[in-house]
file protein03.cif (mmCIF, C-alpha atoms, pLDDT in the B column; chains and numbers go by the auth columns)
data_input
#
loop_
_atom_site.group_PDB
_atom_site.id
_atom_site.type_symbol
_atom_site.label_atom_id
_atom_site.label_comp_id
_atom_site.label_asym_id
_atom_site.label_seq_id
_atom_site.Cartn_x
_atom_site.Cartn_y
_atom_site.Cartn_z
_atom_site.B_iso_or_equiv
_atom_site.auth_seq_id
_atom_site.auth_asym_id
ATOM 1 C CA MET A 1 118.632 75.350 111.750 63.00 1 A
ATOM 2 C CA LEU A 2 120.839 73.219 109.476 74.00 2 A
ATOM 3 C CA ARG A 3 123.641 75.205 107.837 88.00 3 A
ATOM 4 C CA HIS A 4 125.346 74.401 104.545 91.00 4 A
ATOM 5 C CA LYS A 5 128.719 73.477 106.019 89.00 5 A
ATOM 6 C CA TYR A 6 127.104 71.007 108.424 91.00 6 A
ATOM 7 C CA SER A 7 124.978 69.592 105.635 94.00 7 A
ATOM 8 C CA VAL A 8 128.109 68.936 103.551 94.00 8 A
ATOM 9 C CA PHE A 9 129.809 67.294 106.540 94.00 9 A
ATOM 10 C CA ILE A 10 126.841 65.001 107.151 95.00 10 A
ATOM 11 C CA PHE A 11 126.656 64.199 103.435 93.00 11 A
ATOM 12 C CA PHE A 12 130.259 62.960 103.392 95.00 12 A
ATOM 13 C CA ILE A 13 129.769 60.972 106.601 95.00 13 A
ATOM 14 C CA PHE A 14 126.865 59.111 104.990 95.00 14 A
ATOM 15 C CA LEU A 15 128.813 58.783 101.744 95.00 15 A
ATOM 16 C CA ALA A 16 131.693 57.126 103.588 96.00 16 A
ATOM 17 C CA PHE A 17 129.253 54.846 105.406 95.00 17 A
ATOM 18 C CA LEU A 18 127.695 53.737 102.116 95.00 18 A
ATOM 19 C CA PHE A 19 131.130 53.110 100.630 94.00 19 A
ATOM 20 C CA PHE A 20 132.415 50.985 103.502 94.00 20 A
ATOM 21 C CA THR A 21 129.174 49.009 103.768 94.00 21 A
ATOM 22 C CA LYS A 22 129.190 48.410 100.010 94.00 22 A
ATOM 23 C CA ALA A 23 125.668 49.763 99.660 95.00 23 A
ATOM 24 C CA SER A 24 123.809 49.532 96.369 95.00 24 A
ATOM 25 C CA LEU A 25 123.629 52.383 93.861 96.00 25 A
ATOM 26 C CA PHE A 26 120.048 53.084 94.971 96.00 26 A
ATOM 27 C CA PHE A 27 121.195 54.418 98.361 95.00 27 A
ATOM 28 C CA TYR A 28 123.813 56.653 96.726 95.00 28 A
ATOM 29 C CA VAL A 29 121.101 58.148 94.519 97.00 29 A
ATOM 30 C CA VAL A 30 118.800 58.709 97.514 96.00 30 A
ATOM 31 C CA LEU A 31 121.615 60.379 99.453 96.00 31 A
ATOM 32 C CA PHE A 32 122.510 62.656 96.545 96.00 32 A
ATOM 33 C CA LEU A 33 118.894 63.654 95.842 97.00 33 A
ATOM 34 C CA THR A 34 118.284 64.369 99.537 96.00 34 A
ATOM 35 C CA PHE A 35 121.364 66.582 99.720 95.00 35 A
ATOM 36 C CA LEU A 36 120.348 68.340 96.497 95.00 36 A
ATOM 37 C CA ALA A 37 116.805 68.958 97.779 96.00 37 A
ATOM 38 C CA ILE A 38 118.024 70.396 101.091 95.00 38 A
ATOM 39 C CA THR A 39 120.580 72.634 99.362 95.00 39 A
ATOM 40 C CA SER A 40 118.034 73.880 96.818 95.00 40 A
ATOM 41 C CA TRP A 41 115.549 74.639 99.587 94.00 41 A
ATOM 42 C CA GLY A 42 118.256 76.497 101.481 95.00 42 A
ATOM 43 C CA ALA A 43 119.196 78.537 98.407 95.00 43 A
ATOM 44 C CA PHE A 44 115.656 79.720 97.711 94.00 44 A
ATOM 45 C CA ASP A 45 114.399 80.284 101.267 94.00 45 A
ATOM 46 C CA MET A 46 116.357 83.009 103.073 94.00 46 A
ATOM 47 C CA ARG A 47 114.535 82.256 106.307 93.00 47 A
ATOM 48 C CA LEU A 48 116.515 79.035 106.695 93.00 48 A
ATOM 49 C CA ASN A 49 119.860 80.905 106.998 94.00 49 A
ATOM 50 C CA TYR A 50 121.375 77.955 105.149 95.00 50 A
ATOM 51 C CA PHE A 51 124.257 79.797 103.461 96.00 51 A
ATOM 52 C CA SER A 52 124.294 83.129 105.297 93.00 52 A
ATOM 53 C CA ARG A 53 122.678 84.826 108.260 94.00 53 A
ATOM 54 C CA ASN A 54 119.599 86.656 107.032 96.00 54 A
ATOM 55 C CA ILE A 55 117.178 88.647 109.158 97.00 55 A
ATOM 56 C CA SER A 56 113.632 87.826 108.068 97.00 56 A
ATOM 57 C CA LYS A 57 111.574 89.156 110.992 97.00 57 A
ATOM 58 C CA SER A 58 111.848 90.524 114.492 97.00 58 A
ATOM 59 C CA ASN A 59 111.895 87.736 117.053 92.00 59 A
ATOM 60 C CA THR A 60 111.517 90.091 120.009 93.00 60 A
ATOM 61 C CA CYS A 61 108.792 92.495 118.888 94.00 61 A
ATOM 62 C CA LYS A 62 105.651 92.224 121.037 92.00 62 A
ATOM 63 C CA ASP A 63 103.926 95.388 119.866 96.00 63 A
ATOM 64 C CA LYS A 64 101.885 95.702 116.683 97.00 64 A
ATOM 65 C CA VAL A 65 104.776 96.922 114.563 98.00 65 A
ATOM 66 C CA ILE A 66 105.731 95.608 111.121 98.00 66 A
ATOM 67 C CA ALA A 67 108.126 96.633 108.343 98.00 67 A
ATOM 68 C CA LEU A 68 107.077 97.217 104.748 98.00 68 A
ATOM 69 C CA THR A 69 109.848 96.620 102.225 98.00 69 A
ATOM 70 C CA PHE A 70 109.866 97.339 98.499 98.00 70 A
ATOM 71 C CA ASP A 71 112.156 95.722 95.946 98.00 71 A
ATOM 72 C CA ASP A 72 113.331 96.480 92.410 97.00 72 A
ATOM 73 C CA GLY A 73 112.936 100.259 92.323 97.00 73 A
ATOM 74 C CA PRO A 74 113.198 103.088 92.124 98.00 74 A
ATOM 75 C CA HIS A 75 110.539 103.136 89.427 97.00 75 A
ATOM 76 C CA GLU A 76 108.006 105.602 88.108 96.00 76 A
ATOM 77 C CA LYS A 77 105.464 103.971 90.451 97.00 77 A
ATOM 78 C CA THR A 78 107.683 104.583 93.483 98.00 78 A
ATOM 79 C CA ILE A 79 106.393 108.163 93.592 98.00 79 A
ATOM 80 C CA GLU A 80 102.842 106.887 94.105 98.00 80 A
ATOM 81 C CA ILE A 81 104.103 104.508 96.795 98.00 81 A
ATOM 82 C CA LEU A 82 105.811 107.392 98.580 98.00 82 A
ATOM 83 C CA ASP A 83 102.669 109.517 98.323 98.00 83 A
ATOM 84 C CA LEU A 84 100.625 106.779 100.000 98.00 84 A
ATOM 85 C CA LEU A 85 103.174 106.243 102.747 98.00 85 A
ATOM 86 C CA SER A 86 103.114 109.981 103.447 98.00 86 A
ATOM 87 C CA LYS A 87 99.310 110.039 103.425 97.00 87 A
ATOM 88 C CA TYR A 88 99.094 107.294 106.066 97.00 88 A
ATOM 89 C CA ASN A 89 102.168 108.417 108.043 96.00 89 A
ATOM 90 C CA ALA A 90 103.911 105.097 107.334 98.00 90 A
ATOM 91 C CA LYS A 91 107.590 104.341 106.919 98.00 91 A
ATOM 92 C CA ALA A 92 109.209 101.705 104.721 98.00 92 A
ATOM 93 C CA THR A 93 112.502 100.331 103.452 98.00 93 A
ATOM 94 C CA PHE A 94 113.359 100.396 99.747 98.00 94 A
ATOM 95 C CA PHE A 95 115.842 97.904 98.315 98.00 95 A
ATOM 96 C CA CYS A 96 117.057 99.625 95.180 98.00 96 A
ATOM 97 C CA ILE A 97 118.726 98.351 92.030 98.00 97 A
ATOM 98 C CA GLY A 98 121.760 100.329 90.893 98.00 98 A
ATOM 99 C CA LYS A 99 120.597 100.668 87.289 98.00 99 A
ATOM 100 C CA GLN A 100 117.254 102.002 88.508 98.00 100 A
ATOM 101 C CA ILE A 101 118.971 104.487 90.806 98.00 101 A
ATOM 102 C CA GLU A 102 120.700 105.908 87.742 98.00 102 A
ATOM 103 C CA LYS A 103 117.313 106.368 86.054 98.00 103 A
ATOM 104 C CA TYR A 104 115.474 107.897 89.027 98.00 104 A
ATOM 105 C CA PRO A 105 117.998 109.729 91.241 98.00 105 A
ATOM 106 C CA LYS A 106 115.438 112.270 92.483 98.00 106 A
ATOM 107 C CA THR A 107 113.265 109.460 93.797 98.00 107 A
ATOM 108 C CA VAL A 108 116.172 108.130 95.864 98.00 108 A
ATOM 109 C CA GLU A 109 116.658 111.599 97.312 98.00 109 A
ATOM 110 C CA ARG A 110 112.986 111.723 98.246 98.00 110 A
ATOM 111 C CA ILE A 111 113.127 108.283 99.894 98.00 111 A
ATOM 112 C CA ILE A 112 115.830 109.506 102.253 98.00 112 A
ATOM 113 C CA ALA A 113 114.324 112.972 102.739 97.00 113 A
ATOM 114 C CA GLU A 114 111.025 111.467 103.922 98.00 114 A
ATOM 115 C CA GLY A 115 112.663 109.255 106.539 97.00 115 A
ATOM 116 C CA HIS A 116 112.569 105.866 104.842 98.00 116 A
ATOM 117 C CA ASN A 117 115.460 103.403 104.769 98.00 117 A
ATOM 118 C CA ILE A 118 117.275 102.575 101.562 98.00 118 A
ATOM 119 C CA GLY A 119 118.980 99.239 100.939 98.00 119 A
ATOM 120 C CA ASN A 120 121.126 97.649 98.265 98.00 120 A
ATOM 121 C CA HIS A 121 119.485 95.215 95.820 98.00 121 A
ATOM 122 C CA SER A 122 122.503 94.701 93.520 98.00 122 A
ATOM 123 C CA TYR A 123 123.398 96.776 90.480 98.00 123 A
ATOM 124 C CA SER A 124 121.839 94.764 87.658 97.00 124 A
ATOM 125 C CA HIS A 125 119.413 92.338 89.366 97.00 125 A
ATOM 126 C CA SER A 126 120.490 89.866 86.711 96.00 126 A
ATOM 127 C CA ASN A 127 118.618 86.607 86.218 94.00 127 A
ATOM 128 C CA TRP A 128 122.077 85.020 86.386 95.00 128 A
ATOM 129 C CA ASN A 129 122.947 86.531 89.768 94.00 129 A
ATOM 130 C CA GLY A 130 122.886 83.105 91.407 93.00 130 A
ATOM 131 C CA PHE A 131 125.688 82.005 89.078 95.00 131 A
ATOM 132 C CA PHE A 132 127.924 85.058 89.576 97.00 132 A
ATOM 133 C CA SER A 133 131.350 84.741 91.170 98.00 133 A
ATOM 134 C CA THR A 134 132.005 86.273 94.573 98.00 134 A
ATOM 135 C CA LYS A 135 134.067 88.970 92.882 98.00 135 A
ATOM 136 C CA LYS A 136 131.207 89.894 90.548 98.00 136 A
ATOM 137 C CA ILE A 137 128.644 90.041 93.373 98.00 137 A
ATOM 138 C CA VAL A 138 130.984 92.201 95.463 98.00 138 A
ATOM 139 C CA SER A 139 131.370 94.515 92.474 98.00 139 A
ATOM 140 C CA GLU A 140 127.583 94.829 92.085 98.00 140 A
ATOM 141 C CA ILE A 141 127.122 95.602 95.775 98.00 141 A
ATOM 142 C CA GLU A 142 129.921 98.167 95.833 98.00 142 A
ATOM 143 C CA GLN A 143 128.762 99.825 92.611 98.00 143 A
ATOM 144 C CA THR A 144 125.265 100.326 93.983 98.00 144 A
ATOM 145 C CA ASN A 145 126.527 101.513 97.366 98.00 145 A
ATOM 146 C CA LYS A 146 128.691 104.066 95.582 98.00 146 A
ATOM 147 C CA LEU A 147 125.683 105.393 93.652 98.00 147 A
ATOM 148 C CA ILE A 148 123.649 105.722 96.846 98.00 148 A
ATOM 149 C CA THR A 149 126.485 107.504 98.646 97.00 149 A
ATOM 150 C CA GLN A 150 127.005 109.942 95.772 97.00 150 A
ATOM 151 C CA LEU A 151 123.309 110.819 95.742 96.00 151 A
ATOM 152 C CA VAL A 152 122.345 111.021 99.406 97.00 152 A
ATOM 153 C CA ASN A 153 125.646 110.852 101.292 96.00 153 A
ATOM 154 C CA VAL A 154 124.915 107.624 103.170 96.00 154 A
ATOM 155 C CA LYS A 155 126.400 104.151 102.858 96.00 155 A
ATOM 156 C CA THR A 156 123.744 101.536 103.434 97.00 156 A
ATOM 157 C CA ARG A 157 124.435 98.425 105.463 98.00 157 A
ATOM 158 C CA PHE A 158 121.299 96.643 104.248 98.00 158 A
ATOM 159 C CA TYR A 159 121.435 94.209 101.347 98.00 159 A
ATOM 160 C CA ARG A 160 118.802 91.962 99.823 98.00 160 A
ATOM 161 C CA PRO A 161 120.012 89.417 97.262 98.00 161 A
ATOM 162 C CA PRO A 162 118.082 89.422 93.967 97.00 162 A
ATOM 163 C CA PHE A 163 115.161 86.970 94.104 95.00 163 A
ATOM 164 C CA GLY A 164 116.102 86.220 97.711 95.00 164 A
ATOM 165 C CA VAL A 165 118.519 83.560 96.443 96.00 165 A
ATOM 166 C CA THR A 166 121.644 82.774 98.469 97.00 166 A
ATOM 167 C CA ASN A 167 124.614 80.477 97.853 96.00 167 A
ATOM 168 C CA PRO A 168 128.259 80.266 98.991 96.00 168 A
ATOM 169 C CA ASN A 169 129.422 83.035 96.612 97.00 169 A
ATOM 170 C CA ILE A 170 126.653 85.393 97.697 98.00 170 A
ATOM 171 C CA ALA A 171 127.343 84.615 101.360 97.00 171 A
ATOM 172 C CA LYS A 172 131.043 85.417 100.888 98.00 172 A
ATOM 173 C CA ALA A 173 130.194 88.673 99.092 98.00 173 A
ATOM 174 C CA ILE A 174 127.861 89.750 101.898 98.00 174 A
ATOM 175 C CA SER A 175 130.610 89.051 104.421 97.00 175 A
ATOM 176 C CA LYS A 176 133.333 90.814 102.413 98.00 176 A
ATOM 177 C CA THR A 177 131.235 93.955 101.937 97.00 177 A
ATOM 178 C CA LYS A 178 130.026 93.865 105.570 97.00 178 A
ATOM 179 C CA GLN A 179 126.383 94.063 104.572 98.00 179 A
ATOM 180 C CA ILE A 180 123.426 92.961 106.681 98.00 180 A
ATOM 181 C CA SER A 181 121.250 90.590 104.691 98.00 181 A
ATOM 182 C CA ILE A 182 117.556 91.418 105.070 98.00 182 A
ATOM 183 C CA GLY A 183 114.924 88.921 104.032 97.00 183 A
ATOM 184 C CA TRP A 184 111.201 88.698 104.779 98.00 184 A
ATOM 185 C CA ASN A 185 108.696 86.369 106.384 97.00 185 A
ATOM 186 C CA ILE A 186 105.686 87.514 104.337 98.00 186 A
ATOM 187 C CA ARG A 187 106.051 87.315 100.569 97.00 187 A
ATOM 188 C CA SER A 188 103.169 89.119 98.889 97.00 188 A
ATOM 189 C CA LEU A 189 103.741 87.468 95.496 96.00 189 A
ATOM 190 C CA ASP A 190 102.541 90.747 93.980 96.00 190 A
ATOM 191 C CA THR A 191 104.613 90.061 90.856 94.00 191 A
ATOM 192 C CA VAL A 192 102.981 86.654 90.381 95.00 192 A
ATOM 193 C CA ILE A 193 99.374 86.821 91.587 96.00 193 A
ATOM 194 C CA LYS A 194 97.107 88.820 89.281 94.00 194 A
ATOM 195 C CA SER A 195 94.241 89.423 91.709 97.00 195 A
ATOM 196 C CA GLU A 196 94.716 92.392 94.038 97.00 196 A
ATOM 197 C CA ASN A 197 92.260 90.852 96.509 97.00 197 A
ATOM 198 C CA LEU A 198 94.243 87.619 96.676 98.00 198 A
ATOM 199 C CA ILE A 199 97.487 89.502 97.264 98.00 199 A
ATOM 200 C CA LEU A 200 95.893 91.542 100.034 98.00 200 A
ATOM 201 C CA GLU A 201 94.332 88.506 101.707 97.00 201 A
ATOM 202 C CA ARG A 202 97.626 86.635 101.514 97.00 202 A
ATOM 203 C CA ILE A 203 99.302 89.412 103.505 98.00 203 A
ATOM 204 C CA LYS A 204 96.448 90.041 105.931 98.00 204 A
ATOM 205 C CA THR A 205 96.230 86.410 107.044 97.00 205 A
ATOM 206 C CA ARG A 206 99.966 86.284 107.772 97.00 206 A
ATOM 207 C CA VAL A 207 100.579 89.606 109.542 98.00 207 A
ATOM 208 C CA LYS A 208 101.954 89.354 113.061 97.00 208 A
ATOM 209 C CA PRO A 209 104.011 91.710 115.256 97.00 209 A
ATOM 210 C CA GLY A 210 107.559 91.855 113.941 98.00 210 A
ATOM 211 C CA SER A 211 106.717 90.822 110.389 98.00 211 A
ATOM 212 C CA ILE A 212 108.740 91.969 107.387 98.00 212 A
ATOM 213 C CA ILE A 213 106.571 92.200 104.273 98.00 213 A
ATOM 214 C CA LEU A 214 107.955 91.988 100.746 98.00 214 A
ATOM 215 C CA LEU A 215 106.289 94.129 98.065 98.00 215 A
ATOM 216 C CA HIS A 216 107.496 95.627 94.757 97.00 216 A
ATOM 217 C CA ASP A 217 107.245 99.322 93.894 97.00 217 A
ATOM 218 C CA THR A 218 106.994 98.608 90.171 95.00 218 A
ATOM 219 C CA SER A 219 103.306 98.281 89.277 92.00 219 A
ATOM 220 C CA SER A 220 99.914 99.953 89.589 92.00 220 A
ATOM 221 C CA LYS A 221 98.597 96.733 91.124 95.00 221 A
ATOM 222 C CA THR A 222 100.950 97.061 94.078 96.00 222 A
ATOM 223 C CA VAL A 223 100.006 100.718 94.537 96.00 223 A
ATOM 224 C CA SER A 224 96.346 99.717 94.843 96.00 224 A
ATOM 225 C CA VAL A 225 97.124 96.841 97.201 97.00 225 A
ATOM 226 C CA LEU A 226 99.285 99.094 99.361 98.00 226 A
ATOM 227 C CA GLU A 227 96.510 101.580 100.063 97.00 227 A
ATOM 228 C CA GLN A 228 94.147 98.799 101.092 97.00 228 A
ATOM 229 C CA LEU A 229 96.877 97.222 103.206 98.00 229 A
ATOM 230 C CA LEU A 230 97.679 100.491 104.965 98.00 230 A
ATOM 231 C CA LEU A 231 93.990 100.966 105.789 98.00 231 A
ATOM 232 C CA PHE A 232 93.818 97.405 107.157 98.00 232 A
ATOM 233 C CA LEU A 233 96.940 97.869 109.264 98.00 233 A
ATOM 234 C CA GLN A 234 95.612 101.156 110.569 97.00 234 A
ATOM 235 C CA ASP A 235 92.287 99.560 111.536 97.00 235 A
ATOM 236 C CA GLU A 236 94.117 96.693 113.271 97.00 236 A
ATOM 237 C CA GLY A 237 96.322 99.067 115.249 97.00 237 A
ATOM 238 C CA TYR A 238 99.567 98.242 113.457 98.00 238 A
ATOM 239 C CA LYS A 239 102.355 100.744 112.874 97.00 239 A
ATOM 240 C CA THR A 240 104.618 100.441 109.845 97.00 240 A
ATOM 241 C CA LYS A 241 108.250 101.217 110.515 97.00 241 A
ATOM 242 C CA THR A 242 111.612 101.089 108.779 98.00 242 A
ATOM 243 C CA ILE A 243 113.879 98.072 109.188 98.00 243 A
ATOM 244 C CA THR A 244 116.057 100.227 111.451 98.00 244 A
ATOM 245 C CA GLU A 245 113.123 100.952 113.758 97.00 245 A
ATOM 246 C CA LEU A 246 111.749 97.398 113.748 97.00 246 A
ATOM 247 C CA LEU A 247 115.046 95.612 114.332 97.00 247 A
ATOM 248 C CA ASP A 248 116.913 98.376 116.186 96.00 248 A
ATOM 249 C CA ILE A 249 119.917 98.226 113.865 96.00 249 A
ATOM 250 C CA GLN A 250 121.513 101.108 112.024 96.00 250 A
ATOM 251 C CA ALA A 251 120.816 101.310 108.305 96.00 251 A
ATOM 252 C CA TYR A 252 123.927 103.295 107.468 97.00 252 A
ATOM 253 C CA GLU A 253 127.600 103.316 108.342 92.00 253 A
ATOM 254 C CA ASN A 254 128.702 106.124 110.643 72.00 254 A
#

call {"tool": "encode", "arguments": {"input": "protein03.cif", "output": "structure tokens"}}
result
Amino acid sequence: MLRHKYSVFIFFIFLAFLFFTKASLFFYVVLFLTFLAITSWGAFDMRLNYFSRNISKSNTCKDKVIALTFDDGPHEKTIEILDLLSKYNAKATFFCIGKQIEKYPKTVERIIAEGHNIGNHSYSHSNWNGFFSTKKIVSEIEQTNKLITQLVNVKTRFYRPPFGVTNPNIAKAISKTKQISIGWNIRSLDTVIKSENLILERIKTRVKPGSIILLHDTSSKTVSVLEQLLLFLQDEGYKTKTITELLDIQAYEN
């Protein structure tokens, strides 16, 4: 897969070629737009590992095992999510926002107590996260990790960038804080699609052994979809595990 540093190198090679061959402005524009398109695609699709190494699925899993992940909580709906997971004996991984942790500390305690993984999803989940400096992103990661440690006495190694967006600053922050970046290969679009049936069908048609599914524990719609999804997975013989269990990597520092 093409990485950012190689893309930049290739860009300058072609730029030099155009300069020395005295190419027309048209070819410069094409080169620039191509580079911009590739970089934008890399920033918005974690699966490409364009800026940083992100784990988006298990490449070795042969059994019917998948990981459910929930972003943007904890939230008042997280309790209903946890109830359903308990009902169907399923495990999940929750990527939590620092500000939300401050609002729902008891929910974080329950997540850990019931054997789920907890990950870091930044402190503010700002719409401007993609424009933050490395220092600011590091601060957000460390602030959220500190909150988690104070509450449940673990320091998570899992991080999911807000919106799944990566760039050089985010990549540096992940490296500096020694986090493991966790993505997904099935995006439910449960915050975009209004129809519960369409969300469910979108997931069902994409499920394969080793999949990591992205959901959000912030709405009644997702709660309803989750129960139907758990029933489907159960009928199909799938087991839902934590990221630790699916990928065989430790969620927390020793």

call {"tool": "residues_around", "arguments": {"input": "protein03.cif", "residues": "region 76-82 of chain A", "least_positions_apart": "4", "cutoff": "8 Å", "atoms": "all atoms listed in the file", "output": "ChimeraX atom specification"}}
result
/A:86,104,107,111,217-220,223,226

call {"tool": "atom_distance", "arguments": {"input": "protein03.cif", "atom1": "CA of Ile182 (chain A)", "atom2": "CA of Arg3 (chain A)"}}
result
17.5 Å

call {"tool": "resolve_selection", "arguments": {"input": "protein03.cif", "expression": "the PyMOL selection byres ((chain A and resi 142) around 10)", "output": "MDAnalysis selection string"}}
result
chainID A and resid 98 120 122:123 136:141 143:148 155 177

call {"tool": "resolve_selection", "arguments": {"input": "protein03.cif", "expression": "the PyMOL selection byres ((chain A and resi 209) around 10)", "output": "list in words"}}
result
Lys57, Ser58, Asn59, Thr60, Cys61, Lys62, Asp63, Lys64, Val65, Ile66, Ala67, Val207, Lys208, Gly210, Ser211, Ile212, Tyr238, Lys239 and Leu246 of chain A

call {"tool": "residues_around", "arguments": {"input": "protein03.cif", "residues": "Leu200 (chain A)", "least_positions_apart": "2", "cutoff": "9 Å", "atoms": "only C-alpha atoms", "output": "JSON list (two decimals) with C-alpha atoms, in the frame of the given file"}}
result
[["chain", "number", "residue", "atom", "x", "y", "z"],
["A", 188, "SER", "CA", 103.17, 89.12, 98.89],
["A", 195, "SER", "CA", 94.24, 89.42, 91.71],
["A", 196, "GLU", "CA", 94.72, 92.39, 94.04],
["A", 197, "ASN", "CA", 92.26, 90.85, 96.51],
["A", 198, "LEU", "CA", 94.24, 87.62, 96.68],
["A", 202, "ARG", "CA", 97.63, 86.64, 101.51],
["A", 203, "ILE", "CA", 99.30, 89.41, 103.50],
["A", 204, "LYS", "CA", 96.45, 90.04, 105.93],
["A", 205, "THR", "CA", 96.23, 86.41, 107.04],
["A", 225, "VAL", "CA", 97.12, 96.84, 97.20],
["A", 226, "LEU", "CA", 99.28, 99.09, 99.36],
["A", 228, "GLN", "CA", 94.15, 98.80, 101.09],
["A", 229, "LEU", "CA", 96.88, 97.22, 103.21]]

call {"tool": "axis_aligned_box", "arguments": {"input": "protein03.cif", "around": "region 162-171 of chain A", "padding_each_side": "5 Å", "output": "AutoDock Vina command-line options"}}
result
--center_x 122.3 --center_y 84.8 --center_z 97.7 --size_x 24.3 --size_y 19.2 --size_z 17.4

call {"tool": "closest_atom_pairs", "arguments": {"input": "protein03.cif", "of": "region 107-200 of chain A", "to": "region 28-45 of chain A", "cutoff": "7 Å", "atoms": "only C-alpha atoms", "output": "tab-separated table"}}
result
residue	atom	partner	partner_atom	distance
A:Gly164	CA	A:Phe44	CA	6.5
A:Val165	CA	A:Phe44	CA	5.0
A:Thr166	CA	A:Ala43	CA	4.9
A:Asn167	CA	A:Ala43	CA	5.8

call {"tool": "atom_distance", "arguments": {"input": "protein03.cif", "atom1": "CA of Cys96 (chain A)", "atom2": "CA of Leu84 (chain A)"}}
result
18.6 Å

call {"tool": "atom_distance", "arguments": {"input": "protein03.cif", "atom1": "CA of Tyr159 (chain A)", "atom2": "CA of Lys176 (chain A)"}}
result
12.4 Å

call {"tool": "resolve_selection", "arguments": {"input": "protein03.cif", "expression": "the PyMOL selection byres ((chain A and resi 50) around 7)", "output": "JSON, numbers by chain"}}
result
{"A": [2, 3, 4, 42, 48, 49, 51, 52]}

call {"tool": "write_last_selection", "arguments": {"input": "protein03.cif", "atoms": "C-alpha atoms", "output": "PDB file, in the coordinates of the input"}}
result
ATOM      1  CA  LEU A   2     120.839  73.219 109.476  1.00 74.00           C
ATOM      2  CA  ARG A   3     123.641  75.205 107.837  1.00 88.00           C
ATOM      3  CA  HIS A   4     125.346  74.401 104.545  1.00 91.00           C
ATOM      4  CA  GLY A  42     118.256  76.497 101.481  1.00 95.00           C
ATOM      5  CA  LEU A  48     116.515  79.035 106.695  1.00 93.00           C
ATOM      6  CA  ASN A  49     119.860  80.905 106.998  1.00 94.00           C
ATOM      7  CA  PHE A  51     124.257  79.797 103.461  1.00 96.00           C
ATOM      8  CA  SER A  52     124.294  83.129 105.297  1.00 93.00           C
TER       9      SER A  52
END

call {"tool": "closest_residue", "arguments": {"input": "protein03.cif", "among": "A:Ala92, A:Ile243, A:Gln100, A:Val8", "to": "Asp72 (chain A)", "atoms": "all atoms listed in the file"}}
result
A:Gln100

call {"tool": "closest_residue", "arguments": {"input": "protein03.cif", "among": "A:Leu247, A:Ala16, A:Leu151, A:Leu231", "to": "Ala113 (chain A)", "atoms": "only C-alpha atoms"}}
result
A:Leu151

call {"tool": "closest_residue", "arguments": {"input": "protein03.cif", "among": "A:Met46, A:Leu85, A:Ile112, A:Ile118", "to": "Phe163 (chain A)", "atoms": "all atoms listed in the file"}}
result
A:Met46

call {"tool": "closest_residue", "arguments": {"input": "protein03.cif", "among": "A:Ser56, A:Asn254, A:Ser133, A:Thr69", "to": "His121 (chain A)", "atoms": "all atoms listed in the file"}}
result
A:Thr69

call {"tool": "closest_residue", "arguments": {"input": "protein03.cif", "among": "A:Gln234, A:Ser181, A:Thr222, A:Ser124", "to": "Pro161 (chain A)", "atoms": "all atoms listed in the file"}}
result
A:Ser181

call {"tool": "closest_residue", "arguments": {"input": "protein03.cif", "among": "A:Lys99, A:Lys194, A:Lys106, A:His75", "to": "Val152 (chain A)", "atoms": "only C-alpha atoms"}}
result
A:Lys106
